[in-house]
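Chemist: Pasting a structure here, questions to come.
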Amino acid sequence: MSVQPFFSNFSGKRVQLGVCGSVAACKSPELLRLFLSAGCSVGVTLTSAAQQFVRPLLFEALGAAPAYGGMWPGESAAPADVFGHLEPAQNADVFCIAPATANTIGKLANGIADDMLSAQALAFKGPLVLAPAMNPRLWEAEATRENWEKLKRRGCVCLEPGLGSMACGEEGQGRLPAPYEICMRTLRAVAPQDLAGKSVLVTLGPTREMWDGVRFWSNPSSGMMGACLAAAAWLRGAEVTAVAGPCDVHLPEGVRVLQVRSAREMFDAAMVLWPSADIGCLTAAVADFRPIPVGREKYKKDQAADGRLSVEFEINADILRTMGENKRKGQVLIGFAAETSNLLENAKRKLAGKNCDMLAANIVGVPESGFDSETNRILLLDRTGREESWPVLPKSEAAWRIWDHVSLLST
Ligand code: C5P
């Protein structure tokens, strides 16, 4: 299964999760858990139709506080304090409605506030994230189209529903976007936007250098460090393009991903993108050498004379070095260095030799750092002479700190 970069540094942020009456309401508890694991505190509001599918108690048991339902005394999950119903307008940083039905979308677009959810959303001045789920005929209805466009114009974060088969068996557009996607778009609405307006290029993963029709030369890079950097930059407002070698990471849909295989393909893509980028962050474990191919067919065992096989290699171009040589004023270039020894010495040499502004070095071959690990221990150097040795951190946390450091560097 592919790995999704995730961030748990959103403590202090409060999400109000609205749940409407759609079969997809069964996915809202998963979304709640994602918000909680990001560090947010979460309040939930269910429409009365939503409560036909899921109970407020379920959300409370999973950690939401409070869970609102009806507006009037005696109704299920009505607030104890009669004036407490607009509390999210004061306390929430973001309001996310998932699933959002045609009915609630219609109310939001037209200022109708006849139940708890629509009243709370109307009173809320912060970012409103909408993730619809409904039958395709409701989604395509002219009134829904008009309401949706109105909400987009108003600046709501509007996620398009997915295509596929509905619970009722019909096919079309109307599926709830994936909870991970909804969560990431919601977190982006409350993340610092210090990279807004910046165009960021990230290379990630290994490269694969074919030798014959079936065999290749590569390394165990998981692509996770680069995926965390790409996702963190996007969360912080950047426009991000990831050039990814063969690896199994899943990036938020807002990140543009170009899949490549070999170092030469990665080089070509990076050269096209670099002139228009503001920041280049090269985490890819590019194969320094490529075997000289023996052909497109599978090389057979009996072709190896004396039971031995010699493979000849040639050197791949260094993408980071070439980008450093072609760096214009104002561009920021971040390199990585995976080393087995002499970390500081090698890192200093690469920072200067490749004309980087920052270099993140780590030792590979130890359990908590480097390839295929969820954590990393980074030594960070920059062009101003700063040297920082970080403790073992989740790669997502290390990525977040690298962008903090870039902001320091550019101010
Ligand atoms: O010299 P070394 O390969 O250790 O440098 C590592 C850094 O250079 C990383 O940022 C890596 O992405 C980049 N690199 C590159 N092209 C290569 C080799 C490394 O961009 N051919």
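Letters A, B, ... mark the chains of the structure tokens in the order given; residue numbers begin at 1 per chain; ligand numbers begin at 1, in order shown.
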Pick out the residues no farther than 6 Å from ligand 1, counting only C-alpha atoms and all ligand atoms, and list them as a ChimeraX atom specification.
Modeler: /A:282-286,288,316-320,335-338
Chemist: Mind checking which residues fall within 8 Å of range 237-240 of chain A, counting only C-alpha atoms, ignoring those fewer than 3 positions away in the same chain, and posting them as a PDB file with C-alpha atoms, in the first residue's frame?
Modeler:
```
ATOM      1  CA  ARG A 188      -3.940  23.698   4.267  1.00  0.00           C
ATOM      2  CA  PRO A 192       0.919  29.098   7.829  1.00  0.00           C
ATOM      3  CA  GLN A 193       1.003  30.305   4.220  1.00  0.00           C
ATOM      4  CA  ASP A 194       4.631  31.448   4.257  1.00  0.00           C
ATOM      5  CA  LEU A 195       5.346  29.719   0.921  1.00  0.00           C
ATOM      6  CA  ALA A 196       2.307  31.193  -0.874  1.00  0.00           C
ATOM      7  CA  GLY A 197       3.221  32.438  -4.333  1.00  0.00           C
ATOM      8  CA  LYS A 198       6.370  30.271  -4.435  1.00  0.00           C
ATOM      9  CA  SER A 199       6.898  27.619  -7.046  1.00  0.00           C
ATOM     10  CA  VAL A 200       8.679  24.621  -5.539  1.00  0.00           C
ATOM     11  CA  LEU A 201      10.337  21.757  -7.397  1.00  0.00           C
ATOM     12  CA  VAL A 202      10.997  18.572  -5.403  1.00  0.00           C
ATOM     13  CA  ALA A 230       6.420  18.273  -1.188  1.00  0.00           C
ATOM     14  CA  ALA A 233       5.391  22.981   1.006  1.00  0.00           C
ATOM     15  CA  TRP A 234       1.933  22.570  -0.524  1.00  0.00           C
ATOM     16  CA  GLY A 254      -2.816  19.617  -5.132  1.00  0.00           C
ATOM     17  CA  VAL A 255       0.777  18.536  -5.763  1.00  0.00           C
ATOM     18  CA  ARG A 256       1.608  18.048  -9.447  1.00  0.00           C
TER      19      ARG A 256
END
```
Chemist: Near Trp148 in chain A, counting only C-alpha atoms, which residues have an atom at most 9 Å away, once you skip same-chain residues fewer than 5 positions from it, shown as a compact mmCIF listing (two decimals) with N, CA, C and O atoms, in the first residue's frame?
Modeler:
```
# COMPACT_ATOMS: atom_id res chain seq x y z
N ILE A 105 -25.71 22.30 0.74
CA ILE A 105 -25.03 23.21 -0.20
C ILE A 105 -26.00 24.33 -0.61
O ILE A 105 -25.64 25.51 -0.65
N GLY A 106 -27.25 23.95 -0.86
CA GLY A 106 -28.27 24.94 -1.23
C GLY A 106 -28.49 25.95 -0.11
O GLY A 106 -28.59 27.16 -0.35
N ALA A 109 -25.42 28.31 0.16
CA ALA A 109 -25.32 29.26 -0.95
C ALA A 109 -26.33 30.40 -0.79
O ALA A 109 -26.09 31.51 -1.24
N ALA A 143 -29.80 23.68 -10.18
CA ALA A 143 -29.76 24.46 -8.93
C ALA A 143 -28.48 24.16 -8.16
O ALA A 143 -27.82 25.06 -7.62
N ARG A 153 -17.23 31.13 -5.84
CA ARG A 153 -16.97 32.58 -6.00
C ARG A 153 -16.78 33.25 -4.65
O ARG A 153 -16.02 34.19 -4.51
N CYS A 158 -13.70 24.29 -2.30
CA CYS A 158 -14.71 23.36 -2.84
C CYS A 158 -14.03 22.15 -3.48
O CYS A 158 -13.38 22.28 -4.53
```
Chemist: Kindly indicate which residue among A:Ala102, A:Ala269, A:Leu359, A:Leu163 lies nearest to Ala141 in chain A, using only C-alpha atoms for the distances.
Modeler: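 Ranked by minimum distance to Ala141 in chain A, first place goes to A:Ala102.
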Chemist: Could you pull out all residues of range 54-227 of chain A with a DSSP call of helix (DSSP H, G or I) and give them as a PyMOL selection string?
Modeler: chain A and resi 56-62+84-91+102-110+116-123+136-140+142-153+179-190+224-227
Chemist: In Å, how far is it from CA of Asp114 in chain A to CA of Gly43 in chain A?
Modeler: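 These two atoms are separated by 19.6 Å.
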Chemist: Residues within 6 Å of Arg208 in chain A, please, as a PyMOL selection string. Count only C-alpha atoms; anything in the same chain fewer than 4 positions from it doesn't count.
Modeler: chain A and resi 217-218+261-262
Chemist: When DSSP works through the backbone of this structure, what residues of range 143-209 of chain A end up as strand (DSSP E or B), shown as a PyMOL selection string?
Modeler: chain A and resi 157-158+162-165+171-175+199-204+206+209
Chemist: For Thr45 in chain A, which residue out of A:Leu117, A:Leu32, A:Ile97, A:Ala232 is the nearest one, using only C-alpha atoms?
Modeler: A:Leu117
Chemist: Which of these, A:Arg290, A:Lys395, A:Arg328, A:Lys354, has the shortest distance to Phe216 in chain A once you count only C-alpha atoms?
Modeler: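 Nearest to Phe216 in chain A: A:Arg290.
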